[in-house]
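Peer 1: Please see the structure below; I have some questions.
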Amino acid sequence: MLPGFNLTLGYTLFYLSIIVLIPLSALVFKTFTLSWEQFWVAVTSPRVLASYRLTFGASLIAALVNLVFGLVVAWVLVRYKFPGKKIVDALVDLPFALPTAVAGISLTALLAGNGWIGQYLEPMGIKLAFTPAGVVIALIFIGLPFVVRTVQPVLEDAEKELEEAATSLGATRLQIFTKVILPHIAPALLTGFAMAFARDWRIRLRNFHCRQHAHDFRDHTADHHRQAGAIRLRRRHRRGGGDAGDFIHLAAAHQCVASLAAPVMREHPHELDVRGTSRRSAGPPQARHGPLGGQRTCAAKSVEARSSTTEAPWVRYTLIGIALVFLFFFLVLPLAAVFTEALRKGFGAYLTALQEPDAWSAIKLTLIAAAIAVPLNLVFGVAAAWAIAKYEFWGKSFLTTLVDLPFSVSPVVAGLIYVLLFGAQGWFGPWLQAHDIKIIFAVPGIVLATVFVTFPFIARELIPLMQAQGNDEEQAAIVLGASGWQTFWYVTLPNIKWGLIYGVILCNARAMGEFGAVSVVSGHIRGQTNTLPLHVEILYNEYQSVAAFAVASLLAILALVTLAIKSAAEWRHEAEMKAAADLPPERPSLVPSPSGRGLG
């Protein structure tokens, strides 16, 4: 019923083919030019095997660390209140926004022999920088948000009633966590672990309970959820221990005493008086129930049940302390090192480094690449989301997988495929040279690499959002006579604006901070093809530490601004949702409308 299927699907397939499929096919065909012996020698050389061991071993260790501490951080952010909680929550996304080149030099400033932490560890024989241990620390920094942001929404949507019921049945907090909470969050926890592990060798799991809230499943249980395990009654010795009215804590304060009396009536009907209250309860009715009858007892038990579903104060303070210390060492200290090292020789040296012609050229090229890549991916993301979310067609799942394909490709490989296409020995290289057209080692190549790396961000933010919203409002607009463009501008766009803003923010931050793909296609020509991350690397390799950190501070400021805008968008969205939930439902008026065409 909705218009636009041919237009959006056609544009999606065209853009996908030009940016992703054709470049990747060059890599496949290039591999087929090797014989089997040449291929085997290339992938089994000693240096390659050593890189396998380091890559997979360091990734596994870092993912295990993030599995434990990421769960602690997510738990603290969801379950507890403490000063600065919103700032800590926003700071978790710092590795998403901070370029990897900046993260690398900031961790080096901390862990090197003369660094903030390394100067105390190396005299004890502990060397971290330029060792596999330093690689693990860098991977922990990169992979932490994947676990936290995957587990956090699942914890937020967990039903407290299950914990209250388990507490009422005598379960300890440890039993509740292992039997009720852990089975519920296990799929998300496993997903976060897999994504943190795969982040470093560029494999991404798709559609496995990542950033999906419980309401997406409506009244159905997710197919990968396990049922919570049974909980033994504590100190009951398999006896009933009295009627249920004296044992079960109610979850809702507004439930009346009849709810308490129902189980008792089934088991001991002769022990209930005419008002439905148990004769086993000690004291007169007024003392047992108060002036409001059973409501006060229900409310008190509800409060008791809710208070019993949280940990002891010393446990809460310990978990909060562990989370804050972990985030301090892995997020705050690297960020502080960037600005401290940038200003180490004074504000004058800082400004001098930023006023260099090569620095200004890198800034302008970074802005140009982002200004071209983000709008292109914005149009594609909206078109792809409209085609995938609003229609059912053959090959839809395969198309969604192709949209995720750049997530599975290393940025270095992304740059290499464009060299195979447009390089001097590439498919189109001779023709481009004959017509004096430069793509590789020029601005067009940098833009193409940036577009490829940031290709899926906006689409992947909008697709699940538009699928959850459904087509009802768009169909109603079409029935009322709206055109396709009117339906999009006045119905769809207002509904997806926050997801769109969030996707654009992530896409822009990644475009400005991309290092690997741009490094392959740029040629590192000073003043011409160096973006800000590449300029930082060149300055640092030339031992111009202050200048390198000064330029890196610009990218760090960009990351902080990105986090601030993202947090403001989320808070604004939450405020709008809360305001909409507080509005009373509108009642139709029986007064005829002024136009006389119906009821107002």
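Chain lettering (A, B, ...) mirrors the order of the structure tokens, residue numbering begins at 1 for each chain separately, and ligand numbering begins at 1 in order of display.
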Neighbours of range 97-103 of chain A within 6 Å (only C-alpha atoms; same-chain residues fewer than 4 positions away dropped), as a JSON list (two decimals) with all heavy atoms, in the first residue's frame?
Peer 2:
```
[["chain", "number", "residue", "atom", "x", "y", "z"],
["A", 509, "ALA", "N", 31.22, 11.03, 13.64],
["A", 509, "ALA", "CA", 32.38, 10.79, 14.51],
["A", 509, "ALA", "C", 33.31, 9.76, 13.88],
["A", 509, "ALA", "O", 34.54, 9.91, 13.92],
["A", 509, "ALA", "CB", 31.90, 10.32, 15.88],
["A", 513, "GLY", "N", 37.22, 10.32, 12.44],
["A", 513, "GLY", "CA", 38.27, 9.61, 13.16],
["A", 513, "GLY", "C", 38.80, 8.38, 12.46],
["A", 513, "GLY", "O", 39.65, 7.68, 13.02],
["A", 552, "ALA", "N", 45.76, 15.73, 18.42],
["A", 552, "ALA", "CA", 44.89, 14.70, 18.96],
["A", 552, "ALA", "C", 43.83, 15.28, 19.88],
["A", 552, "ALA", "O", 42.71, 14.75, 19.97],
["A", 552, "ALA", "CB", 45.71, 13.65, 19.71],
["A", 559, "ALA", "N", 35.21, 14.16, 20.00],
["A", 559, "ALA", "CA", 34.57, 13.01, 20.64],
["A", 559, "ALA", "C", 33.69, 13.43, 21.80],
["A", 559, "ALA", "O", 32.57, 12.93, 21.97],
["A", 559, "ALA", "CB", 35.64, 12.02, 21.11]]
```
Peer 1: Which residues come within 10 Å of range 139-148 of chain A, counting only C-alpha atoms, excluding same-chain residues fewer than 5 positions away, as a ChimeraX atom specification?
Peer 2: /A:55,58-75,77,89,91-96,98-100,103-104,107,133-134,153,188-200,210,327,329-331,334
Peer 1: Please list as a list in words every residue within 12 Å of Phe347 in chain A, counting only C-alpha atoms and excluding residues in the same chain fewer than 6 positions away.
Peer 2: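 Selected residues are Phe339, Thr340, Glu341, Ala353, Leu354, Val546, Ala547 and Ala550 of chain A.
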Peer 1: Can you tell me, as a count of residues only, what residues are no more than 8 Å from Thr450 in chain A when counting only C-alpha atoms, ignoring any on the same chain fewer than 4 positions away?
Peer 2: 9
Peer 1: I want to know what sits within 8 Å of Ala383 in chain A, based on only C-alpha atoms, with residues of the same chain fewer than 3 positions away left out; could you give that as a PyMOL selection string?
Peer 2: chain A and resi 8-9+11-12+379-380+386-387
Peer 1: Write the residues you've just listed into a file as a PDB file, in the first residue's frame, and include N, CA and C atoms for each of them.
Peer 2:
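Output file out.pdb follows:
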```pdb
ATOM      1  N   THR A   8      13.169   3.301  -3.486  1.00  0.00           N
ATOM      2  CA  THR A   8      14.090   3.074  -2.366  1.00  0.00           C
ATOM      3  C   THR A   8      14.888   1.787  -2.555  1.00  0.00           C
ATOM      4  N   LEU A   9      14.253   0.728  -3.006  1.00  0.00           N
ATOM      5  CA  LEU A   9      14.990  -0.521  -3.206  1.00  0.00           C
ATOM      6  C   LEU A   9      15.995  -0.385  -4.338  1.00  0.00           C
ATOM      7  N   TYR A  11      17.525   2.375  -5.396  1.00  0.00           N
ATOM      8  CA  TYR A  11      18.653   3.200  -4.947  1.00  0.00           C
ATOM      9  C   TYR A  11      19.526   2.428  -3.968  1.00  0.00           C
ATOM     10  N   THR A  12      18.909   1.657  -3.080  1.00  0.00           N
ATOM     11  CA  THR A  12      19.677   0.874  -2.107  1.00  0.00           C
ATOM     12  C   THR A  12      20.599  -0.117  -2.807  1.00  0.00           C
ATOM     13  N   VAL A 379      21.334   9.670   3.036  1.00  0.00           N
ATOM     14  CA  VAL A 379      20.317   9.356   2.022  1.00  0.00           C
ATOM     15  C   VAL A 379      20.182   7.854   1.868  1.00  0.00           C
ATOM     16  N   PHE A 380      21.323   7.162   1.808  1.00  0.00           N
ATOM     17  CA  PHE A 380      21.253   5.704   1.675  1.00  0.00           C
ATOM     18  C   PHE A 380      20.588   5.066   2.903  1.00  0.00           C
ATOM     19  N   TRP A 386      13.716   2.425   4.778  1.00  0.00           N
ATOM     20  CA  TRP A 386      12.340   2.452   4.268  1.00  0.00           C
ATOM     21  C   TRP A 386      12.036   1.172   3.492  1.00  0.00           C
ATOM     22  N   ALA A 387      12.957   0.754   2.623  1.00  0.00           N
ATOM     23  CA  ALA A 387      12.715  -0.445   1.808  1.00  0.00           C
ATOM     24  C   ALA A 387      12.676  -1.703   2.675  1.00  0.00           C
TER      25      ALA A 387
END
```
Peer 1: Near range 411-416 of chain A, within 6 Å and counting only C-alpha atoms, which residues show up once chain neighbours fewer than 5 positions away are dropped, as a ChimeraX atom specification?
Peer 2: /A:449,516-517,520-521
Peer 1: Closest to Ser106 in chain A among A:Ile18, A:Val332, A:Ser522, A:Ile417, using only C-alpha atoms?
Peer 2: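 Comparing A:Ile18, A:Val332, A:Ser522, A:Ile417 against Ser106 in chain A, the winner is A:Val332.
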Peer 1: Using only C-alpha atoms, which residue out of A:Ile440, A:Ala385, A:Val151, A:Leu506 lies closest to Gly4 in chain A?
Peer 2: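 The answer is A:Ala385, which sits nearest to Gly4 in chain A.
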